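S.K.: Let me begin by handing over the structure; questions about it come next.
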Amino acid sequence: MSPNSSAPAVAPAPHLLRTVTRVCWFVLGAIFIFSGLVKLNDPVGTAYKLEEYFEVFAVAVPPLEGFFLWFKNISRTLSIILSSLEVILGVALLLRWHLKITLWVLLGLLVFFGFLTFYSAAFNKVTDCGCFGDFIKLTPWTSFAKDMFLLALWFMVFTHQRFLRHSFVQGTFGIMVMTFATAIAIGIGVRALGHLPYFDFLPYKVGNDIGKLMKPAEPARYRYTMTRNGETKEFDAYPTDTTWKYQAMTSLNPKESTPVITDFEVSDAEGNSYTQELLKGSKLVLIVQNTNKTDRDRFAAINALMEGAAKSRRGITALTITSTSAAKFDSFRHDVNLAGPYYFADATVLKSIIRSNPGLMVLHNGVVKAKYHYHDLPALWEVEKVLKE
């Protein structure tokens, strides 16, 4: 061979390519299952995120406004379907059940999610995609990068399917396994939809002290960049020497110096703050979000509980917090015979407090002692018991 001739390219060793393909196959399937299960843990929260997207698209594309608003109205059903589909496809991929068809459906879902995350990042319309629910918060560009990573994994698996020829389930047994996986996934979501999430990752979860979370964990610390006579120097405290000229300031502990809860504010109809009073003593708080969507069938039991709590020897204050306008809520409470004082808070805050409309929260000196979905209303003795703990 002539010394000037180029050497042939060396192809990757088959065993290395096989290993890489199988790693990509496993990671892709596992991420889809994990992502779907996290969303199914809180399908109401996932539905809220879908509603955000549909509202944005309805404004961005006026001719299709009705189309997107129709989807908004079925967001909870879509939440269960899409989240379950992630789990089902992840299981199918790991079991290599009808691998080629599974990969094509996965591609459709990846392109769909990729479009949503790119739109969020490019136009700053939805600042959190909800890819992993409230368990892991991702910025829009991080979410888009995650989807591109998954597409890269998909491409590796799709182009090297020859290393995944063996299917772990086939025929009737395969259909049985996938039917079981589908039933489990949908069942997890439907159960969470009719009750509270299995795991609460929000700031108002049971055991959290709301008042404490409204304060920073530690004082803010800054680093100051100063200049003098062409010299640049950094200080951990603002220099008293006035010959130094300020250039920039960098926070050293932004996460620790920012309260976890920043928007919790409760007020009466006149706008007077009730927040600090709410965080004192024992409170049984009824949360009523949008009265148009509130389940009214439970109010006979709710009213009895609220009246009993108000007469309890435990000194429980029973009250209602809503995000509905004062006039509208006053009409509503007369319709459902709801007695007792009521206050107002932001709708987004109430949605974060509890995934139930209506829902109940028990507070003792600002600590969340219990939360109840309207399908799981407690007896008075249960409320008194959690206040003793």
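Residues in the structure tokens are numbered from 1 in each chain, the chains being A, B, ... in the order shown, and ligands are numbered from 1 in the order shown.
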Just want the 9 Å neighbourhood of Ala300 (chain A), counted on only C-alpha atoms, with same-chain residues fewer than 4 positions away dropped. Output as a list in words.

M.R.: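 That gives Arg296, Ala304, Leu305, Val336, Asn337 and Leu338 of chain A.
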
S.K.: Write out the residues from the selection above, keeping N, CA and C atoms, as a PDB file, in the first residue's frame.

M.R.:
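Okay, out12.pdb is ready:
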```pdb
ATOM      1  N   ARG A 296     -71.039  20.391  44.230  1.00  0.00           N
ATOM      2  CA  ARG A 296     -72.018  20.876  45.214  1.00  0.00           C
ATOM      3  C   ARG A 296     -72.679  19.752  45.990  1.00  0.00           C
ATOM      4  N   ALA A 304     -72.127  20.213  57.799  1.00  0.00           N
ATOM      5  CA  ALA A 304     -72.260  19.571  59.110  1.00  0.00           C
ATOM      6  C   ALA A 304     -70.909  19.519  59.813  1.00  0.00           C
ATOM      7  N   LEU A 305     -69.853  19.212  59.052  1.00  0.00           N
ATOM      8  CA  LEU A 305     -68.509  19.152  59.624  1.00  0.00           C
ATOM      9  C   LEU A 305     -68.045  20.527  60.082  1.00  0.00           C
ATOM     10  N   VAL A 336     -75.715  26.874  48.747  1.00  0.00           N
ATOM     11  CA  VAL A 336     -75.304  25.600  49.363  1.00  0.00           C
ATOM     12  C   VAL A 336     -75.422  25.641  50.887  1.00  0.00           C
ATOM     13  N   ASN A 337     -76.003  26.750  51.433  1.00  0.00           N
ATOM     14  CA  ASN A 337     -76.205  26.898  52.881  1.00  0.00           C
ATOM     15  C   ASN A 337     -74.905  26.832  53.676  1.00  0.00           C
ATOM     16  N   LEU A 338     -73.853  27.421  53.128  1.00  0.00           N
ATOM     17  CA  LEU A 338     -72.547  27.429  53.788  1.00  0.00           C
ATOM     18  C   LEU A 338     -72.461  28.608  54.747  1.00  0.00           C
TER      19      LEU A 338
END
```

S.K.: List as a list in words the protein and nucleic acid residues near Gly36 (chain A), meaning an atom at most 8 Å away when only C-alpha atoms are counted, but skip any in the same chain fewer than 6 places from it.

M.R.: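 Counting only the stated atoms, we get Leu82, Ser83, Ser84, Leu85, Glu86, Val87 and Phe132 of chain A.
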
S.K.: Which neighbours of Asn41 (chain A) fall inside 8 Å, counting only C-alpha atoms, when residues of the same chain fewer than 5 positions from it are skipped, and could you give them as a VMD selection string?

M.R.: chain A and resid 188 to 189 192 197 to 199

S.K.: Using only C-alpha atoms, which residue out of A:Ser312, A:Phe115, A:Leu164, A:Ala58 lies closest to Thr19 (chain A)?

M.R.: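 Distance minimum relative to Thr19 (chain A) lands on A:Leu164.
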
S.K.: Check the smallest atom-to-atom distance from each of A:Ala310, A:Leu50, A:Ile354, A:Val367 to Lys72 (chain A) using only C-alpha atoms, then report the winner.

M.R.: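 With only C-alpha atoms as the atom set, the closest residue is A:Leu50.
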
S.K.: Which residues in region 199-325 of chain A does DSSP call helix (DSSP H, G or I)? List them as a compact mmCIF listing (two decimals) with C-alpha atoms, in the first residue's frame.

M.R.:
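Heads up, here's the output in result13.txt:
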```txt
# COMPACT_ATOMS: atom_id res chain seq x y z
CA ILE A 210 -46.53 27.74 56.00
CA GLY A 211 -45.37 30.67 58.10
CA LYS A 212 -41.82 29.34 58.22
CA LEU A 213 -41.73 28.76 54.46
CA THR A 275 -52.86 35.84 56.62
CA GLN A 276 -51.17 36.08 60.02
CA GLU A 277 -54.41 35.38 61.87
CA LEU A 278 -54.95 32.27 59.73
CA ARG A 296 -72.02 20.88 45.21
CA ASP A 297 -73.25 17.42 46.16
CA ARG A 298 -70.89 17.22 49.15
CA PHE A 299 -71.92 20.42 50.88
CA ALA A 300 -74.49 18.85 53.19
CA ALA A 301 -71.70 16.79 54.78
CA ILE A 302 -69.22 19.67 54.58
CA ASN A 303 -71.64 22.06 56.30
CA ALA A 304 -72.26 19.57 59.11
CA LEU A 305 -68.51 19.15 59.62
CA MET A 306 -67.83 22.90 59.60
CA GLU A 307 -70.65 23.55 62.09
CA GLY A 308 -69.42 20.75 64.36
CA ALA A 309 -65.85 22.04 64.23
CA ALA A 310 -66.96 25.55 65.17
```

S.K.: Pick out the residues sitting within 12 Å of Phe54 (chain A), and hand them over as a list in words; count only C-alpha atoms, and ignore anything fewer than 4 positions along from it in its own chain.

M.R.: Ala47, Tyr48, Lys49, Leu50, Ala58, Val59, Ala60, Val61, Pro62, Leu64, Glu65, Gly66, Phe67, Phe68, Leu69, Trp70, Phe71, Lys72, Asn73, Ile74, Ser75, Leu78, Leu116, Lys125 and Val126 of chain A

S.K.: Quick one: residues within 12 Å of Pro203 (chain A), only C-alpha atoms, excluding same-chain residues fewer than 5 positions away - as a list in words?

M.R.: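 Listing them by chain and then by number gives Asp134, Phe135, Asn208, Asp209, Ile210, Gly211, Lys212, Leu213, Met214, Pro259, Val260, Ile261, Thr262, Asp263, Phe264, Val349, Leu350, Lys351, Ser352, Ile353, Ile354, Val367 and Val368 of chain A.
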
S.K.: For Thr243 (chain A), work out the shell of residues within 12 Å, counting only C-alpha atoms and skipping chain neighbours fewer than 3 positions away, then give it as an NGL selection string.

M.R.: :A and (226-231 or 239-240 or 246)

S.K.: Take the residues from that selection and put them in a file with C-alpha atoms, as a PDB file, in the first residue's frame.

M.R.:
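Listed below is the output, again.pdb:
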```pdb
ATOM      1  CA  MET A 226     -15.772  47.202  42.640  1.00  0.00           C
ATOM      2  CA  THR A 227     -13.158  49.125  40.665  1.00  0.00           C
ATOM      3  CA  ARG A 228     -10.570  51.741  41.581  1.00  0.00           C
ATOM      4  CA  ASN A 229      -7.888  53.254  39.359  1.00  0.00           C
ATOM      5  CA  GLY A 230      -8.226  50.449  36.816  1.00  0.00           C
ATOM      6  CA  GLU A 231      -8.121  47.729  39.495  1.00  0.00           C
ATOM      7  CA  PRO A 239     -16.643  48.496  51.162  1.00  0.00           C
ATOM      8  CA  THR A 240     -16.769  51.596  53.349  1.00  0.00           C
ATOM      9  CA  TYR A 246     -19.587  49.906  42.288  1.00  0.00           C
TER      10      TYR A 246
END
```
